[in-house]
$ cat start-v8.cif   # mmCIF, C-alpha atoms
data_run
loop_
_atom_site.group_PDB
_atom_site.id
_atom_site.type_symbol
_atom_site.label_atom_id
_atom_site.label_comp_id
_atom_site.auth_asym_id
_atom_site.auth_seq_id
_atom_site.Cartn_x
_atom_site.Cartn_y
_atom_site.Cartn_z
ATOM 1 C CA MET M 19 -173.778 -22.195 42.038
ATOM 2 C CA ALA M 20 -175.526 -20.174 39.363
ATOM 3 C CA TRP M 21 -178.892 -19.817 37.670
ATOM 4 C CA THR M 22 -180.038 -22.638 35.409
ATOM 5 C CA ARG M 23 -181.180 -21.812 31.888
ATOM 6 C CA ASP M 24 -184.798 -21.929 33.013
ATOM 7 C CA GLU M 25 -184.027 -19.596 35.922
ATOM 8 C CA MET M 26 -182.279 -17.226 33.530
ATOM 9 C CA ALA M 27 -185.398 -17.185 31.354
ATOM 10 C CA GLU M 28 -187.577 -16.592 34.405
ATOM 11 C CA ARG M 29 -185.368 -13.684 35.474
ATOM 12 C CA ALA M 30 -185.550 -12.223 31.978
ATOM 13 C CA ALA M 31 -189.351 -12.516 32.007
ATOM 14 C CA ARG M 32 -189.407 -10.183 35.007
ATOM 15 C CA GLU M 33 -187.856 -7.481 32.828
ATOM 16 C CA LEU M 34 -190.874 -7.282 30.533
ATOM 17 C CA PRO M 35 -193.393 -4.524 31.312
ATOM 18 C CA ALA M 36 -197.134 -5.086 31.020
ATOM 19 C CA GLY M 37 -198.569 -3.996 27.705
ATOM 20 C CA SER M 38 -195.264 -4.329 25.869
ATOM 21 C CA ILE M 39 -194.507 -6.040 22.583
ATOM 22 C CA VAL M 40 -191.481 -8.289 23.054
ATOM 23 C CA THR M 41 -189.551 -10.154 20.382
ATOM 24 C CA LEU M 42 -187.781 -13.320 21.493
ATOM 25 C CA GLY M 43 -184.656 -14.340 19.619
ATOM 26 C CA ILE M 44 -183.861 -17.958 18.850
ATOM 27 C CA GLY M 45 -182.250 -20.220 21.422
ATOM 28 C CA LEU M 46 -182.379 -19.411 25.111
ATOM 29 C CA PRO M 47 -184.758 -16.410 24.797
ATOM 30 C CA THR M 48 -187.552 -18.654 23.465
ATOM 31 C CA ARG M 49 -187.818 -20.210 26.940
ATOM 32 C CA ILE M 50 -189.240 -16.931 28.205
ATOM 33 C CA ALA M 51 -192.582 -17.780 26.581
ATOM 34 C CA GLU M 52 -192.972 -20.548 29.163
ATOM 35 C CA ARG M 53 -192.550 -18.094 32.036
ATOM 36 C CA VAL M 54 -194.702 -15.109 31.140
ATOM 37 C CA PRO M 55 -198.005 -15.241 33.074
ATOM 38 C CA ARG M 56 -201.040 -15.392 30.798
ATOM 39 C CA ASP M 57 -202.549 -12.333 32.521
ATOM 40 C CA ALA M 58 -199.374 -10.202 32.340
ATOM 41 C CA GLY M 59 -200.560 -8.241 29.306
ATOM 42 C CA ILE M 60 -197.286 -8.936 27.469
ATOM 43 C CA TRP M 61 -197.429 -9.682 23.749
ATOM 44 C CA LEU M 62 -194.644 -11.965 22.609
ATOM 45 C CA HIS M 63 -193.588 -11.639 18.985
ATOM 46 C CA THR M 64 -191.506 -13.867 16.746
ATOM 47 C CA GLU M 65 -189.844 -12.412 13.671
ATOM 48 C CA ASN M 66 -191.262 -14.992 11.254
ATOM 49 C CA GLY M 67 -194.726 -13.501 11.730
ATOM 50 C CA LEU M 68 -196.619 -14.240 14.938
ATOM 51 C CA LEU M 69 -197.795 -11.825 17.624
ATOM 52 C CA GLY M 70 -199.177 -13.554 20.695
ATOM 53 C CA VAL M 71 -196.718 -16.404 21.123
ATOM 54 C CA GLY M 72 -197.705 -18.797 23.884
ATOM 55 C CA PRO M 73 -195.879 -21.725 25.492
ATOM 56 C CA TYR M 74 -194.418 -24.560 23.445
ATOM 57 C CA ALA M 75 -196.976 -26.833 21.792
ATOM 58 C CA ARG M 76 -196.774 -30.228 23.479
ATOM 59 C CA ALA M 77 -200.204 -31.835 23.469
ATOM 60 C CA PRO M 78 -201.180 -33.610 20.212
ATOM 61 C CA GLY M 79 -204.069 -31.219 19.667
ATOM 62 C CA GLU M 80 -201.772 -28.202 19.956
ATOM 63 C CA LEU M 81 -199.188 -29.209 17.378
ATOM 64 C CA ASP M 82 -199.365 -27.343 14.084
ATOM 65 C CA SER M 83 -196.341 -27.408 11.784
ATOM 66 C CA GLN M 84 -197.178 -23.909 10.549
ATOM 67 C CA VAL M 85 -197.336 -22.333 14.026
ATOM 68 C CA ILE M 86 -193.665 -22.042 14.925
ATOM 69 C CA ASN M 87 -191.256 -19.553 16.411
ATOM 70 C CA ALA M 88 -188.118 -18.204 14.705
ATOM 71 C CA GLY M 89 -186.219 -21.302 15.837
ATOM 72 C CA LYS M 90 -188.770 -23.506 14.023
ATOM 73 C CA GLU M 91 -190.097 -24.862 17.332
ATOM 74 C CA PRO M 92 -193.860 -25.539 17.558
ATOM 75 C CA VAL M 93 -195.626 -23.009 19.769
ATOM 76 C CA THR M 94 -199.159 -22.037 20.728
ATOM 77 C CA ILE M 95 -201.017 -18.787 20.128
ATOM 78 C CA VAL M 96 -202.631 -16.901 22.998
ATOM 79 C CA LYS M 97 -206.175 -15.578 22.708
ATOM 80 C CA GLY M 98 -206.162 -12.499 20.489
ATOM 81 C CA GLY M 99 -202.897 -13.469 18.782
ATOM 82 C CA SER M 100 -202.385 -13.098 15.058
ATOM 83 C CA ILE M 101 -200.307 -14.531 12.210
ATOM 84 C CA PHE M 102 -198.936 -12.472 9.309
ATOM 85 C CA ASP M 103 -196.159 -12.562 6.739
ATOM 86 C CA SER M 104 -192.531 -11.772 7.451
ATOM 87 C CA ALA M 105 -192.717 -8.507 5.488
ATOM 88 C CA LEU M 106 -195.247 -7.109 7.952
ATOM 89 C CA SER M 107 -193.290 -8.584 10.849
ATOM 90 C CA PHE M 108 -190.129 -6.757 9.836
ATOM 91 C CA ALA M 109 -192.099 -3.582 9.175
ATOM 92 C CA MET M 110 -193.082 -3.755 12.854
ATOM 93 C CA ILE M 111 -189.455 -4.216 13.875
ATOM 94 C CA ARG M 112 -187.979 -1.562 11.602
ATOM 95 C CA GLY M 113 -190.797 0.845 12.386
ATOM 96 C CA GLY M 114 -189.914 0.891 16.083
ATOM 97 C CA HIS M 115 -193.011 -0.974 17.266
ATOM 98 C CA VAL M 116 -191.102 -3.569 19.310
ATOM 99 C CA ASP M 117 -190.630 -2.419 22.881
ATOM 100 C CA VAL M 118 -188.107 -5.054 23.959
ATOM 101 C CA ALA M 119 -185.981 -7.575 22.092
ATOM 102 C CA VAL M 120 -184.391 -10.389 24.080
ATOM 103 C CA LEU M 121 -181.526 -11.833 22.067
ATOM 104 C CA GLY M 122 -178.907 -14.491 22.597
ATOM 105 C CA ALA M 123 -175.273 -13.429 22.497
ATOM 106 C CA MET M 124 -171.868 -14.854 21.692
ATOM 107 C CA GLN M 125 -170.169 -11.671 22.867
ATOM 108 C CA VAL M 126 -171.286 -8.377 24.395
ATOM 109 C CA ALA M 127 -168.806 -5.501 24.637
ATOM 110 C CA GLU M 128 -168.731 -3.026 27.507
ATOM 111 C CA SER M 129 -169.942 -0.413 24.986
ATOM 112 C CA GLY M 130 -173.084 -2.465 24.323
ATOM 113 C CA ASP M 131 -171.887 -3.889 20.998
ATOM 114 C CA LEU M 132 -173.495 -7.242 20.228
ATOM 115 C CA ALA M 133 -172.095 -10.254 18.359
ATOM 116 C CA ASN M 134 -174.507 -13.158 18.097
ATOM 117 C CA TRP M 135 -174.357 -14.773 14.677
ATOM 118 C CA ALA M 136 -170.894 -16.134 13.885
ATOM 119 C CA ILE M 137 -167.673 -17.410 15.440
ATOM 120 C CA PRO M 138 -164.815 -16.973 12.951
ATOM 121 C CA GLY M 139 -163.639 -20.320 11.635
ATOM 122 C CA GLU M 140 -166.316 -22.216 13.508
ATOM 123 C CA ARG M 141 -169.983 -21.623 14.092
ATOM 124 C CA VAL M 142 -172.062 -19.541 11.685
ATOM 125 C CA MET M 143 -175.654 -19.104 12.786
ATOM 126 C CA GLY M 144 -176.714 -16.741 10.004
ATOM 127 C CA ILE M 145 -177.567 -13.131 10.736
ATOM 128 C CA GLY M 146 -181.337 -13.718 10.521
ATOM 129 C CA GLY M 147 -183.376 -10.864 11.936
ATOM 130 C CA ALA M 148 -180.971 -10.031 14.761
ATOM 131 C CA MET M 149 -179.505 -6.996 13.017
ATOM 132 C CA ASP M 150 -182.963 -5.502 12.493
ATOM 133 C CA LEU M 151 -184.025 -6.255 16.061
ATOM 134 C CA ALA M 152 -180.837 -4.840 17.562
ATOM 135 C CA ALA M 153 -181.356 -1.610 15.641
ATOM 136 C CA GLY M 154 -185.141 -1.374 15.708
ATOM 137 C CA ALA M 155 -186.224 -2.443 19.205
ATOM 138 C CA ARG M 156 -186.545 0.270 21.823
ATOM 139 C CA ARG M 157 -184.645 -1.820 24.369
ATOM 140 C CA VAL M 158 -182.336 -4.787 23.814
ATOM 141 C CA ILE M 159 -181.581 -7.370 26.502
ATOM 142 C CA ALA M 160 -178.911 -9.998 25.935
ATOM 143 C CA LEU M 161 -179.624 -13.375 27.522
ATOM 144 C CA THR M 162 -176.623 -15.689 27.548
ATOM 145 C CA THR M 163 -174.259 -17.714 29.677
ATOM 146 C CA HIS M 164 -171.443 -15.684 31.202
ATOM 147 C CA ARG M 165 -168.756 -17.882 29.633
ATOM 148 C CA THR M 166 -168.401 -20.069 26.572
ATOM 149 C CA ARG M 167 -168.147 -23.848 26.827
ATOM 150 C CA ARG M 168 -164.389 -23.361 26.720
ATOM 151 C CA GLY M 169 -164.547 -21.059 29.721
ATOM 152 C CA GLU M 170 -163.860 -17.878 27.771
ATOM 153 C CA PRO M 171 -165.709 -14.702 28.829
ATOM 154 C CA LYS M 172 -168.598 -13.541 26.673
ATOM 155 C CA LEU M 173 -168.649 -10.100 28.299
ATOM 156 C CA VAL M 174 -165.603 -8.375 26.891
ATOM 157 C CA THR M 175 -163.925 -5.016 26.443
ATOM 158 C CA ARG M 176 -164.274 -5.256 22.657
ATOM 159 C CA CYS M 177 -165.996 -7.878 20.517
ATOM 160 C CA THR M 178 -163.680 -10.037 18.416
ATOM 161 C CA TYR M 179 -166.527 -11.801 16.598
ATOM 162 C CA PRO M 180 -168.451 -10.247 13.676
ATOM 163 C CA LEU M 181 -170.818 -7.601 15.031
ATOM 164 C CA THR M 182 -174.579 -7.740 14.853
ATOM 165 C CA ALA M 183 -174.955 -4.103 15.903
ATOM 166 C CA ARG M 184 -173.076 -1.445 17.816
ATOM 167 C CA ALA M 185 -174.047 0.054 21.172
ATOM 168 C CA CYS M 186 -177.460 -1.640 21.230
ATOM 169 C CA VAL M 187 -177.491 -3.754 24.411
ATOM 170 C CA ALA M 188 -178.885 -2.095 27.536
ATOM 171 C CA ARG M 189 -178.884 -5.041 29.954
ATOM 172 C CA VAL M 190 -177.265 -8.481 30.086
ATOM 173 C CA ILE M 191 -178.704 -11.433 32.001
ATOM 174 C CA THR M 192 -176.397 -14.406 32.471
ATOM 175 C CA ASP M 193 -176.202 -17.472 34.665
ATOM 176 C CA LEU M 194 -174.090 -15.427 37.098
ATOM 177 C CA GLY M 195 -176.180 -12.296 37.391
ATOM 178 C CA VAL M 196 -177.655 -9.174 35.832
ATOM 179 C CA LEU M 197 -175.492 -6.387 34.464
ATOM 180 C CA ASP M 198 -176.233 -3.040 32.832
ATOM 181 C CA VAL M 199 -174.248 -1.404 30.063
ATOM 182 C CA THR M 200 -173.370 2.143 31.147
ATOM 183 C CA ASP M 201 -171.101 4.948 29.995
ATOM 184 C CA ARG M 202 -168.477 3.440 32.305
ATOM 185 C CA GLY M 203 -168.875 -0.113 31.018
ATOM 186 C CA PHE M 204 -170.580 -3.029 32.763
ATOM 187 C CA SER M 205 -172.312 -2.342 36.069
ATOM 188 C CA LEU M 206 -173.515 -5.117 38.364
ATOM 189 C CA VAL M 207 -177.235 -5.040 39.144
ATOM 190 C CA GLU M 208 -177.849 -8.430 40.734
ATOM 191 C CA LEU M 209 -175.943 -11.582 41.592
ATOM 192 C CA ALA M 210 -177.353 -15.001 40.825
ATOM 193 C CA ARG M 211 -178.006 -17.353 43.710
ATOM 194 C CA GLY M 212 -174.802 -18.463 45.406
ATOM 195 C CA VAL M 213 -172.473 -16.479 43.117
ATOM 196 C CA SER M 214 -169.769 -14.392 44.775
ATOM 197 C CA LEU M 215 -168.517 -11.013 43.646
ATOM 198 C CA GLU M 216 -165.112 -12.542 43.083
ATOM 199 C CA ALA M 217 -166.574 -15.190 40.782
ATOM 200 C CA ILE M 218 -168.477 -12.790 38.542
ATOM 201 C CA VAL M 219 -165.551 -10.360 38.333
ATOM 202 C CA ALA M 220 -163.211 -13.218 37.365
ATOM 203 C CA ALA M 221 -165.642 -14.460 34.697
ATOM 204 C CA THR M 222 -166.044 -11.037 33.091
ATOM 205 C CA GLY M 223 -163.548 -10.098 30.398
ATOM 206 C CA ALA M 224 -163.940 -6.368 30.979
ATOM 207 C CA SER M 225 -164.034 -3.969 33.899
ATOM 208 C CA LEU M 226 -167.071 -4.403 36.132
ATOM 209 C CA ASP M 227 -168.457 -1.785 38.484
ATOM 210 C CA VAL M 228 -169.837 -3.745 41.460
ATOM 211 C CA GLY M 229 -171.300 -0.684 43.157
ATOM 212 C CA ASP M 230 -172.162 -1.104 46.827
ATOM 213 C CA ALA M 231 -170.579 -4.515 47.235
ATOM 214 C CA PRO M 232 -171.504 -5.011 50.932
ATOM 215 C CA SER M 233 -175.219 -4.889 50.013
ATOM 216 C CA LEU M 234 -174.826 -7.864 47.681
ATOM 217 C CA ASP M 235 -175.071 -11.100 49.580
ATOM 218 C CA PRO M 236 -174.285 -14.123 47.342
ATOM 219 C CA GLY M 237 -175.868 -16.425 49.882
ATOM 220 C CA ARG M 238 -179.346 -14.920 49.616
ATOM 221 C CA ASP M 239 -182.030 -17.230 48.266
ATOM 222 C CA ASP M 240 -183.544 -14.328 46.301
ATOM 223 C CA ALA M 241 -180.279 -13.032 44.879
#
$ encode --input "start-v8.cif" --output "structure tokens"
Amino acid sequence: MAWTRDEMAERAARELPAGSIVTLGIGLPTRIAERVPRDAGIWLHTENGLLGVGPYARAPGELDSQVINAGKEPVTIVKGGSIFDSALSFAMIRGGHVDVAVLGAMQVAESGDLANWAIPGERVMGIGGAMDLAAGARRVIALTTHRTRRGEPKLVTRCTYPLTARACVARVITDLGVLDVTDRGFSLVELARGVSLEAIVAATGASLDVGDAPSLDPGRDDA
């Protein structure tokens, strides 16, 4: 067992402090907008120029082709939200005004290095704004599955894919659990529902400090 993608997004939403400005990267992080309570005081930002991102636009009256997130998905705007050009949006990012950036990842190294835009010889996503966010946000959280579709670990000793930024990731949330990047490498914070210590250690391509293992019960409903 493990967390679903929606459960991963819900777990990531719990990382966001009230009053913070949070940029959501394309892909899995955009699901977080569906799971942030309207009264949480969290301002979601998308790099293409919208502060106050709400849930996906679904009803006919909500759809507006010009109100989209960075993944070009139609979204809504919460009360008090604003739209501006990408120059101002990146001035916010580069000026250190983004408290948290939640980004997808293809690889995260135990040093906190992030690779999330290209797989050599295969998939090229385009660097987009990820490099700016990784360098400019005060805290970076990587939200990704623990393994690739081929079963290869995404959490590794050293990234073999082109880097987005070095030593930028503070926390990683995967379908198997929550891990912090420390001076000693990856450190286990929380296990996903039904996941054993053995399973997460085996799926991690780097050393993993499991801390007080007896206190982690993989059978807990709230794990």
$ closest_residue --input "start-v8.cif" --among "M:Ala188, M:Val120, M:Ala133, M:Ile86" --to "M:Asp201" --atoms "all atoms listed in the file"
M:Ala188
$ residues_around --input "start-v8.cif" --residues "M:Ala210" --least-positions-apart "3" --cutoff "6 Å" --atoms "all atoms listed in the file" --output "number ranges by chain"
M: 20-21, 194-195, 213, 241
$ residues_around --input "start-v8.cif" --residues "stretch 153-167 of chain M" --least-positions-apart "4" --cutoff "7 Å" --atoms "only C-alpha atoms" --output "VMD selection string"
chain M and resid 47 111 to 114 116 to 123 149 171 to 173 183 186 to 194 221
$ write_last_selection --input "start-v8.cif" --atoms "C-alpha atoms" --output "PDB file, in the frame of the given file"
ATOM      1  CA  PRO M  47    -184.758 -16.410  24.797  1.00  0.00           C
ATOM      2  CA  ILE M 111    -189.455  -4.216  13.875  1.00  0.00           C
ATOM      3  CA  ARG M 112    -187.979  -1.562  11.602  1.00  0.00           C
ATOM      4  CA  GLY M 113    -190.797   0.845  12.386  1.00  0.00           C
ATOM      5  CA  GLY M 114    -189.914   0.891  16.083  1.00  0.00           C
ATOM      6  CA  VAL M 116    -191.102  -3.569  19.310  1.00  0.00           C
ATOM      7  CA  ASP M 117    -190.630  -2.419  22.881  1.00  0.00           C
ATOM      8  CA  VAL M 118    -188.107  -5.054  23.959  1.00  0.00           C
ATOM      9  CA  ALA M 119    -185.981  -7.575  22.092  1.00  0.00           C
ATOM     10  CA  VAL M 120    -184.391 -10.389  24.080  1.00  0.00           C
ATOM     11  CA  LEU M 121    -181.526 -11.833  22.067  1.00  0.00           C
ATOM     12  CA  GLY M 122    -178.907 -14.491  22.597  1.00  0.00           C
ATOM     13  CA  ALA M 123    -175.273 -13.429  22.497  1.00  0.00           C
ATOM     14  CA  MET M 149    -179.505  -6.996  13.017  1.00  0.00           C
ATOM     15  CA  PRO M 171    -165.709 -14.702  28.829  1.00  0.00           C
ATOM     16  CA  LYS M 172    -168.598 -13.541  26.673  1.00  0.00           C
ATOM     17  CA  LEU M 173    -168.649 -10.100  28.299  1.00  0.00           C
ATOM     18  CA  ALA M 183    -174.955  -4.103  15.903  1.00  0.00           C
ATOM     19  CA  CYS M 186    -177.460  -1.640  21.230  1.00  0.00           C
ATOM     20  CA  VAL M 187    -177.491  -3.754  24.411  1.00  0.00           C
ATOM     21  CA  ALA M 188    -178.885  -2.095  27.536  1.00  0.00           C
ATOM     22  CA  ARG M 189    -178.884  -5.041  29.954  1.00  0.00           C
ATOM     23  CA  VAL M 190    -177.265  -8.481  30.086  1.00  0.00           C
ATOM     24  CA  ILE M 191    -178.704 -11.433  32.001  1.00  0.00           C
ATOM     25  CA  THR M 192    -176.397 -14.406  32.471  1.00  0.00           C
ATOM     26  CA  ASP M 193    -176.202 -17.472  34.665  1.00  0.00           C
ATOM     27  CA  LEU M 194    -174.090 -15.427  37.098  1.00  0.00           C
ATOM     28  CA  ALA M 221    -165.642 -14.460  34.697  1.00  0.00           C
TER      29      ALA M 221
END
$ atom_distance --input "start-v8.cif" --atom1 "atom CA of M:Phe102" --atom2 "atom CA of M:Pro78"
23.9 Å
$ resolve_selection --input "start-v8.cif" --expression "the PyMOL selection byres ((chain M and resi 137-141) around 6)" --output "ChimeraX atom specification"
/M:136,142,179
$ closest_residue --input "start-v8.cif" --among "M:Gly79, M:Thr48, M:His63, M:Gln125" --to "M:Met110" --atoms "all atoms listed in the file"
M:His63
$ resolve_selection --input "start-v8.cif" --expression "the PyMOL selection byres ((chain M and resi 205) around 12)" --output "PDB file with C-alpha atoms, keeping the file's coordinate frame"
ATOM      1  CA  GLU M 128    -168.731  -3.026  27.507  1.00  0.00           C
ATOM      2  CA  SER M 129    -169.942  -0.413  24.986  1.00  0.00           C
ATOM      3  CA  GLY M 130    -173.084  -2.465  24.323  1.00  0.00           C
ATOM      4  CA  LEU M 173    -168.649 -10.100  28.299  1.00  0.00           C
ATOM      5  CA  ALA M 188    -178.885  -2.095  27.536  1.00  0.00           C
ATOM      6  CA  ARG M 189    -178.884  -5.041  29.954  1.00  0.00           C
ATOM      7  CA  VAL M 190    -177.265  -8.481  30.086  1.00  0.00           C
ATOM      8  CA  ILE M 191    -178.704 -11.433  32.001  1.00  0.00           C
ATOM      9  CA  GLY M 195    -176.180 -12.296  37.391  1.00  0.00           C
ATOM     10  CA  VAL M 196    -177.655  -9.174  35.832  1.00  0.00           C
ATOM     11  CA  LEU M 197    -175.492  -6.387  34.464  1.00  0.00           C
ATOM     12  CA  ASP M 198    -176.233  -3.040  32.832  1.00  0.00           C
ATOM     13  CA  VAL M 199    -174.248  -1.404  30.063  1.00  0.00           C
ATOM     14  CA  THR M 200    -173.370   2.143  31.147  1.00  0.00           C
ATOM     15  CA  ASP M 201    -171.101   4.948  29.995  1.00  0.00           C
ATOM     16  CA  ARG M 202    -168.477   3.440  32.305  1.00  0.00           C
ATOM     17  CA  GLY M 203    -168.875  -0.113  31.018  1.00  0.00           C
ATOM     18  CA  PHE M 204    -170.580  -3.029  32.763  1.00  0.00           C
ATOM     19  CA  LEU M 206    -173.515  -5.117  38.364  1.00  0.00           C
ATOM     20  CA  VAL M 207    -177.235  -5.040  39.144  1.00  0.00           C
ATOM     21  CA  GLU M 208    -177.849  -8.430  40.734  1.00  0.00           C
ATOM     22  CA  LEU M 209    -175.943 -11.582  41.592  1.00  0.00           C
ATOM     23  CA  ILE M 218    -168.477 -12.790  38.542  1.00  0.00           C
ATOM     24  CA  VAL M 219    -165.551 -10.360  38.333  1.00  0.00           C
ATOM     25  CA  THR M 222    -166.044 -11.037  33.091  1.00  0.00           C
ATOM     26  CA  ALA M 224    -163.940  -6.368  30.979  1.00  0.00           C
ATOM     27  CA  SER M 225    -164.034  -3.969  33.899  1.00  0.00           C
ATOM     28  CA  LEU M 226    -167.071  -4.403  36.132  1.00  0.00           C
ATOM     29  CA  ASP M 227    -168.457  -1.785  38.484  1.00  0.00           C
ATOM     30  CA  VAL M 228    -169.837  -3.745  41.460  1.00  0.00           C
ATOM     31  CA  GLY M 229    -171.300  -0.684  43.157  1.00  0.00           C
ATOM     32  CA  ASP M 230    -172.162  -1.104  46.827  1.00  0.00           C
ATOM     33  CA  ALA M 231    -170.579  -4.515  47.235  1.00  0.00           C
TER      34      ALA M 231
END
$ residues_around --input "start-v8.cif" --residues "M:Gly70" --least-positions-apart "6" --cutoff "7 Å" --atoms "all atoms listed in the file" --output "list in words"
Trp61, Leu62, His63, Ile95, Val96, Gly99 and Ser100 of chain M
$ atom_distance --input "start-v8.cif" --atom1 "atom CA of M:Gly37" --atom2 "atom CA of M:Gly59"
5.0 Å
$ atom_distance --input "start-v8.cif" --atom1 "atom CA of M:Lys97" --atom2 "atom CA of M:Gly43"
21.8 Å
$ residues_around --input "start-v8.cif" --residues "M:Thr182" --least-positions-apart "5" --cutoff "8 Å" --atoms "all atoms listed in the file" --output "list in words"
Asp131, Leu132, Ala133, Asn134, Trp135, Ile145, Ala148, Met149 and Ala152 of chain M
$ closest_residue --input "start-v8.cif" --among "M:Ile44, M:Ala27, M:Leu151, M:Leu181" --to "M:Gly89" --atoms "all atoms listed in the file"
M:Ile44
$ decode --input "start-v8.cif" --residues "stretch 66-77 of chain M" --atoms "N, CA and C atoms" --output "PDB file, in the first residue's frame"
ATOM      1  N   ASN M  66       3.090  31.784 -14.280  1.00  0.00           N
ATOM      2  CA  ASN M  66       2.671  32.544 -15.460  1.00  0.00           C
ATOM      3  C   ASN M  66       1.920  33.827 -15.110  1.00  0.00           C
ATOM      4  N   GLY M  67       1.666  34.071 -13.815  1.00  0.00           N
ATOM      5  CA  GLY M  67       1.152  35.375 -13.428  1.00  0.00           C
ATOM      6  C   GLY M  67      -0.192  35.408 -12.743  1.00  0.00           C
ATOM      7  N   LEU M  68      -0.390  34.577 -11.732  1.00  0.00           N
ATOM      8  CA  LEU M  68      -1.644  34.585 -10.981  1.00  0.00           C
ATOM      9  C   LEU M  68      -1.339  34.311  -9.511  1.00  0.00           C
ATOM     10  N   LEU M  69      -1.794  35.194  -8.652  1.00  0.00           N
ATOM     11  CA  LEU M  69      -1.700  35.008  -7.207  1.00  0.00           C
ATOM     12  C   LEU M  69      -3.118  34.893  -6.663  1.00  0.00           C
ATOM     13  N   GLY M  70      -3.408  33.760  -6.035  1.00  0.00           N
ATOM     14  CA  GLY M  70      -4.758  33.490  -5.572  1.00  0.00           C
ATOM     15  C   GLY M  70      -5.397  32.387  -6.387  1.00  0.00           C
ATOM     16  N   VAL M  71      -4.599  31.377  -6.728  1.00  0.00           N
ATOM     17  CA  VAL M  71      -5.108  30.247  -7.499  1.00  0.00           C
ATOM     18  C   VAL M  71      -6.097  29.451  -6.660  1.00  0.00           C
ATOM     19  N   GLY M  72      -7.246  29.159  -7.239  1.00  0.00           N
ATOM     20  CA  GLY M  72      -8.239  28.325  -6.589  1.00  0.00           C
ATOM     21  C   GLY M  72      -8.283  26.948  -7.225  1.00  0.00           C
ATOM     22  N   PRO M  73      -9.304  26.166  -6.920  1.00  0.00           N
ATOM     23  CA  PRO M  73      -9.446  24.836  -7.513  1.00  0.00           C
ATOM     24  C   PRO M  73      -9.595  24.900  -9.025  1.00  0.00           C
ATOM     25  N   TYR M  74      -9.483  23.746  -9.664  1.00  0.00           N
ATOM     26  CA  TYR M  74      -9.676  23.668 -11.112  1.00  0.00           C
ATOM     27  C   TYR M  74     -11.054  24.218 -11.494  1.00  0.00           C
ATOM     28  N   ALA M  75     -11.118  24.874 -12.643  1.00  0.00           N
ATOM     29  CA  ALA M  75     -12.392  25.346 -13.174  1.00  0.00           C
ATOM     30  C   ALA M  75     -13.093  24.175 -13.859  1.00  0.00           C
ATOM     31  N   ARG M  76     -14.295  23.872 -13.397  1.00  0.00           N
ATOM     32  CA  ARG M  76     -15.036  22.737 -13.955  1.00  0.00           C
ATOM     33  C   ARG M  76     -16.408  23.137 -14.488  1.00  0.00           C
ATOM     34  N   ALA M  77     -17.093  23.986 -13.738  1.00  0.00           N
ATOM     35  CA  ALA M  77     -18.425  24.414 -14.161  1.00  0.00           C
ATOM     36  C   ALA M  77     -18.311  25.322 -15.380  1.00  0.00           C
TER      37      ALA M  77
END
